[in-house]
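Asks: Encoded as structure tokens, here's the structure I'll be asking about.
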Amino acid sequence: MEQYKHTRKTIFRQAALLRLEEAEFLKLKYPSGCIYLGGYALECMLKYHICTYNNVLYLEELNKPWLFSNRGHDLNLLLKETKLYEPIFKSLFLSSSFNLANKWRTSLRYNPNKGNLNEARRFISAIIVLIEYLNSK
């Protein structure tokens, strides 16, 4: 029996761009929501690139169960799977953006606080830098 394939790689890219737009919309009134969606946008873009660099349409085709566990939200692990880890860390600008973005955790969705606007501004700026870079590859 063939395993059900959940999400085409192109959907990951589209979701990344839409979640980024939503994150920017939330920034002023709900900074915590902005950070959560921004991190999720980067996760989606990285999953798109994992599919692209492995020449598959679906993540399931890679037969890497960790991608569907909690580890599948680890931005550092996802970045390493894209083959763009080295180019990003050769650039001081990109690496500092990634280091800030890598503080993101899915547990933020349970945060009952609105969050800090300055923190959201810095975080979403880093996410924009990274998504623009990844979207150009």
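Here, A, B, ... name the chains of the structure tokens in the order displayed, residue numbers run from 1 inside each chain, and ligands are numbered from 1 in the same displayed order.
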Give me, as a ChimeraX atom specification, all polymer residues having an atom no more than 6 Å from segment 50-54 of chain A, counting only C-alpha atoms and skipping those fewer than 2 positions away in the same chain.
Replies: /A:9,47-48,56,81-82
Asks: Please report, as a VMD selection string, each residue of chain A to which DSSP assigns alpha helix (DSSP H) when run on this structure's backbone.
Replies: chain A and resid 9 to 26 31 to 53 75 to 82 85 to 90 92 to 101 117 to 135
Asks: Atom CA of Phe12 of chain A and atom CA of Gly115 of chain A are how many Å apart?
Replies: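 Between atom CA of Phe12 of chain A and atom CA of Gly115 of chain A the gap is 26.6 Å.
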Asks: Name the residues in contact with Trp104 of chain A at a cut-off of 10 Å, using only C-alpha atoms, excluding same-chain residues fewer than 5 positions from it; report them as a list of chain:residue names.
Replies: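 Once the adjacent positions are removed, what remains is A:Ile35, A:Tyr36, A:Leu37, A:Gly38, A:Gly39, A:Tyr40, A:Leu42, A:Glu43, A:His73, A:Asp74, A:Leu75, A:Asn99, A:Phe123.
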Asks: With only C-alpha atoms as the basis for distance, which of A:Tyr85, A:Phe93, A:Trp66, A:Tyr110 is at the shortest distance from Ser125 of chain A?
Replies: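 Closest candidate: A:Phe93.
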Asks: Fewer than 4 positions away in the same chain doesn't count, so skip those; otherwise give me all residues within 9 Å of Ser97 of chain A, counting only C-alpha atoms, as a list in words.
Replies: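 After dropping sequence-adjacent residues, the list is Leu92, Phe93, Ala101, Asn102, Phe123, Ser125, Ala126, Ile127, Val129 and Leu130 of chain A.
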Asks: Could you check how far atom CA of Lys83 of chain A sits from atom CA of Leu57 of chain A, in Å to one decimal?
Replies: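 Atom CA of Leu57 of chain A lies 17.1 Å from atom CA of Lys83 of chain A.
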Asks: So which one's closest to Leu108 of chain A, A:Ala41, A:Ile88, A:Cys34, A:Leu134? Using only C-alpha atoms, please.
Replies: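 Residue with the minimum atom-to-atom distance to Leu108 of chain A: A:Cys34.
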Asks: Hey, can you check how far atom CA of Thr10 of chain A sits from atom CA of Ser69 of chain A?
Replies: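 Between atom CA of Thr10 of chain A and atom CA of Ser69 of chain A the gap is 21.1 Å.
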Asks: Check the smallest atom-to-atom distance from each of A:Glu61, A:Glu119, A:Glu86, A:Glu132 to Thr7 of chain A using only C-alpha atoms, then report the winner.
Replies: A:Glu61
Asks: With distances taken over only C-alpha atoms, which of A:Arg105, A:Arg71, A:Lys64, A:Lys27 is nearest to Ala120 of chain A?
Replies: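 Checking each of A:Arg105, A:Arg71, A:Lys64, A:Lys27 against Ala120 of chain A, counting only C-alpha atoms, the winner is A:Lys27.
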Asks: Which is closer to Glu24 of chain A than all the others in A:Cys44, A:Ile124, A:Leu77, A:Leu84, using only C-alpha atoms?
Replies: A:Ile124
Asks: Between A:Ile128, A:Asn113, A:Arg8, A:Leu78, which has the minimum distance to Tyr30 of chain A (counting only C-alpha atoms)?
Replies: A:Asn113
